[in-house]
Amino acid sequence: MSLDVSPALLEQAERGEVDEAAFVDCVRTSLPFAWQMISNLVAQLKVDGGAFADNQTPPPDEQARGQLLRALASDAIRGALQRHFGVRLAFQNCHRVAVFPLDPSADERLARFTSVRAQLLNQSPELRDC
C-alpha cells in the first residue's frame, strides 16, 4: 500500500467526498521523503526565485525512491500536492523532481523540462535501473 490511510479517512472516502487537507496530511505522513523533498524545493523556489527549482541527487535508498515514484505517478497525490504547495510538479527519471510556479511565465521552461529532448538528455548509465 502506498499510503497509510487511517480508518477515519477511509470511512470518509467510503461515504463520498474527502477533505483534501486530510488527504494531504495522509500523504505527508505516508511519504515523508517525497514530502520533504518537495517542501524543500518549494522553499528554494520561494527564496531563490527563478523559473524553477529541482533536485538532481538520487534518493538514498529504494524506499525513498519508491516514495517519489508513488507521489508523482499518482494523479490524485500529485494534484493534491500541487494545489497544497501552489506549484506545478515535473518529474524525470527516478529522482529529478522540479517545482515550477503557477505563473504563466514559467510555461516555456516547464515545457522544455518535460520535453522528450530533456528526458533523453537527462539519461545516464548510473540511473539505468532506478
# chains A, B, ... in the order shown; residues from 1 in each chain; ligands from 1

$ select_by_dssp --residues "chain A" --states "strand (DSSP E or B)" --output "list of chain:residue names"
A:Ala53, A:Asp54, A:Val87, A:Arg88, A:Leu89, A:Ala90, A:Phe91, A:Gln92, A:Arg96, A:Val97, A:Ala98, A:Val99, A:Phe100, A:Pro101

$ residues_around --residues "Asp107 (chain A)" --least-positions-apart "3" --cutoff "12 Å" --atoms "only C-alpha atoms" --output "PDB file with C-alpha atoms, in the first residue's frame"
ATOM      1  CA  ALA A  51      11.927  29.735 -13.317  1.00  0.00           C
ATOM      2  CA  PHE A  52      12.064  26.540 -11.240  1.00  0.00           C
ATOM      3  CA  VAL A  87       3.192  24.922  -7.711  1.00  0.00           C
ATOM      4  CA  ARG A  88       3.395  22.660 -10.726  1.00  0.00           C
ATOM      5  CA  LEU A  89       5.451  19.500 -10.338  1.00  0.00           C
ATOM      6  CA  ALA A  90       7.557  17.853 -13.011  1.00  0.00           C
ATOM      7  CA  VAL A  99       8.754  22.637  -8.923  1.00  0.00           C
ATOM      8  CA  PHE A 100       7.548  25.440 -11.154  1.00  0.00           C
ATOM      9  CA  PRO A 101       5.492  28.461 -10.152  1.00  0.00           C
ATOM     10  CA  LEU A 102       1.902  28.636 -11.342  1.00  0.00           C
ATOM     11  CA  ASP A 103       2.727  31.876 -13.123  1.00  0.00           C
ATOM     12  CA  PRO A 104       2.372  31.548 -16.912  1.00  0.00           C
ATOM     13  CA  LEU A 110       8.214  23.737 -17.869  1.00  0.00           C
ATOM     14  CA  ALA A 111       7.632  22.666 -21.470  1.00  0.00           C
ATOM     15  CA  ARG A 112      11.392  22.412 -22.038  1.00  0.00           C
ATOM     16  CA  PHE A 113      11.899  20.470 -18.784  1.00  0.00           C
ATOM     17  CA  THR A 114       9.183  17.955 -19.662  1.00  0.00           C
TER      18      THR A 114
END

$ select_by_dssp --residues "region 6-119 of chain A" --states "alpha helix (DSSP H)" --output "ChimeraX atom specification"
/A:7-15,20-30,32-48,62-73,75-85,107-113,116-119

$ closest_atom_pairs --of "region 70-112 of chain A" --to "region 2-21 of chain A" --cutoff "9 Å" --atoms "only C-alpha atoms" --output "CSV"
residue,atom,partner,partner_atom,distance
A:Arg70,CA,A:Ser2,CA,6.6
A:Ala71,CA,A:Ser2,CA,8.7
A:Ala80,CA,A:Glu20,CA,7.2
A:His84,CA,A:Ala21,CA,8.2

$ write_last_selection --atoms "N, CA and C atoms" --output "PDB file, in the first residue's frame"
ATOM      1  N   ARG A  70       5.704   6.919  -6.074  1.00  0.00           N
ATOM      2  CA  ARG A  70       4.284   6.877  -5.698  1.00  0.00           C
ATOM      3  C   ARG A  70       3.675   8.269  -5.682  1.00  0.00           C
ATOM      4  N   ALA A  71       4.398   9.233  -5.142  1.00  0.00           N
ATOM      5  CA  ALA A  71       3.856  10.597  -5.050  1.00  0.00           C
ATOM      6  C   ALA A  71       3.643  11.217  -6.422  1.00  0.00           C
ATOM      7  N   ALA A  80      -2.975  16.880  -5.570  1.00  0.00           N
ATOM      8  CA  ALA A  80      -3.166  17.420  -4.222  1.00  0.00           C
ATOM      9  C   ALA A  80      -1.920  18.171  -3.752  1.00  0.00           C
ATOM     10  N   HIS A  84      -1.771  22.050  -2.812  1.00  0.00           N
ATOM     11  CA  HIS A  84      -1.334  22.398  -1.461  1.00  0.00           C
ATOM     12  C   HIS A  84      -0.177  23.405  -1.481  1.00  0.00           C
TER      13      HIS A  84
END

$ residues_around --residues "Gly66 (chain A)" --least-positions-apart "2" --cutoff "12 Å" --atoms "only C-alpha atoms" --output "list in words"
Met1, Ser2, Leu3, Ser30, Leu31, Pro32, Phe33, Ala34, Pro58, Pro59, Pro60, Asp61, Glu62, Gln63, Ala64, Leu68, Leu69, Arg70, Ala71, Leu72, Ala73, Cys94, His95 and Cys130 of chain A

$ write_last_selection --atoms "N, CA, C and O atoms" --output "short mmCIF file (atom, residue, chain, number, x, y, z; two decimals), in the first residue's frame"
data_model
loop_
_atom_site.label_atom_id
_atom_site.label_comp_id
_atom_site.auth_asym_id
_atom_site.auth_seq_id
_atom_site.Cartn_x
_atom_site.Cartn_y
_atom_site.Cartn_z
N MET A 1 0.86 -1.18 0.00
CA MET A 1 0.00 0.00 0.00
C MET A 1 0.89 1.23 0.00
O MET A 1 1.86 1.31 0.73
N SER A 2 0.57 2.20 -0.81
CA SER A 2 1.42 3.37 -0.91
C SER A 2 1.13 4.41 0.16
O SER A 2 1.99 5.19 0.50
N LEU A 3 -0.08 4.44 0.69
CA LEU A 3 -0.42 5.39 1.74
C LEU A 3 -0.92 4.66 2.97
O LEU A 3 -1.60 3.65 2.87
N SER A 30 2.65 9.49 5.16
CA SER A 30 2.91 8.21 4.50
C SER A 30 4.16 8.25 3.63
O SER A 30 4.82 7.22 3.45
N LEU A 31 4.45 9.40 3.05
CA LEU A 31 5.57 9.53 2.11
C LEU A 31 6.50 10.66 2.57
O LEU A 31 6.68 11.67 1.88
N PRO A 32 7.14 10.50 3.74
CA PRO A 32 7.91 11.60 4.31
C PRO A 32 9.10 12.05 3.46
O PRO A 32 9.41 13.24 3.41
N PHE A 33 9.76 11.13 2.79
CA PHE A 33 10.90 11.54 1.97
C PHE A 33 10.42 12.41 0.80
O PHE A 33 10.98 13.47 0.53
N ALA A 34 9.39 11.96 0.11
CA ALA A 34 8.85 12.73 -1.02
C ALA A 34 8.34 14.08 -0.53
O ALA A 34 8.58 15.11 -1.17
N PRO A 58 20.16 11.57 -6.46
CA PRO A 58 19.33 10.36 -6.31
C PRO A 58 18.94 10.13 -4.85
O PRO A 58 19.68 10.49 -3.94
N PRO A 59 17.78 9.51 -4.63
CA PRO A 59 17.36 9.18 -3.27
C PRO A 59 18.39 8.26 -2.60
O PRO A 59 19.09 7.51 -3.30
N PRO A 60 18.45 8.27 -1.27
CA PRO A 60 19.46 7.47 -0.57
C PRO A 60 19.23 5.96 -0.62
O PRO A 60 20.15 5.19 -0.42
N ASP A 61 17.97 5.54 -0.87
CA ASP A 61 17.68 4.11 -0.89
C ASP A 61 16.41 3.85 -1.68
O ASP A 61 15.74 4.78 -2.13
N GLU A 62 16.10 2.58 -1.83
CA GLU A 62 14.93 2.21 -2.64
C GLU A 62 13.61 2.62 -2.00
O GLU A 62 12.65 2.94 -2.71
N GLN A 63 13.55 2.65 -0.69
CA GLN A 63 12.32 3.10 -0.02
C GLN A 63 12.04 4.56 -0.37
O GLN A 63 10.91 4.92 -0.70
N ALA A 64 13.06 5.40 -0.31
CA ALA A 64 12.89 6.81 -0.65
C ALA A 64 12.52 6.97 -2.13
O ALA A 64 11.64 7.76 -2.48
N LEU A 68 9.01 8.72 -3.93
CA LEU A 68 8.93 9.71 -5.01
C LEU A 68 8.09 9.18 -6.16
O LEU A 68 7.25 9.91 -6.71
N LEU A 69 8.31 7.93 -6.52
CA LEU A 69 7.55 7.35 -7.61
C LEU A 69 6.06 7.32 -7.29
O LEU A 69 5.23 7.67 -8.12
N ARG A 70 5.70 6.92 -6.07
CA ARG A 70 4.28 6.88 -5.70
C ARG A 70 3.68 8.27 -5.68
O ARG A 70 2.56 8.48 -6.16
N ALA A 71 4.40 9.23 -5.14
CA ALA A 71 3.86 10.60 -5.05
C ALA A 71 3.64 11.22 -6.42
O ALA A 71 2.63 11.88 -6.65
N LEU A 72 4.56 10.99 -7.33
CA LEU A 72 4.49 11.68 -8.61
C LEU A 72 3.81 10.88 -9.70
O LEU A 72 3.39 11.44 -10.71
N ALA A 73 3.65 9.58 -9.51
CA ALA A 73 2.96 8.77 -10.52
C ALA A 73 1.45 8.75 -10.30
O ALA A 73 0.71 8.40 -11.21
N CYS A 94 14.13 8.75 -11.96
CA CYS A 94 13.60 8.24 -10.71
C CYS A 94 13.80 9.21 -9.56
O CYS A 94 13.50 8.89 -8.43
N HIS A 95 14.33 10.38 -9.86
CA HIS A 95 14.63 11.29 -8.76
C HIS A 95 14.57 12.76 -9.10
O HIS A 95 14.51 13.59 -8.20
N CYS A 130 17.08 2.70 -12.01
CA CYS A 130 16.43 3.41 -10.91
C CYS A 130 14.93 3.24 -10.98
O CYS A 130 14.37 2.83 -11.93
#

$ closest_residue --among "A:Ser74, A:Ser105, A:Gln92, A:Ser39" --to "Gln56 (chain A)" --atoms "only C-alpha atoms"
A:Gln92

$ closest_residue --among "A:Ala53, A:Met37, A:Ala43, A:Cys26" --to "Arg109 (chain A)" --atoms "only C-alpha atoms"
A:Ala53

$ atom_distance --atom1 "CA of Gly79 (chain A)" --atom2 "CA of Gln44 (chain A)"
20.2 Å
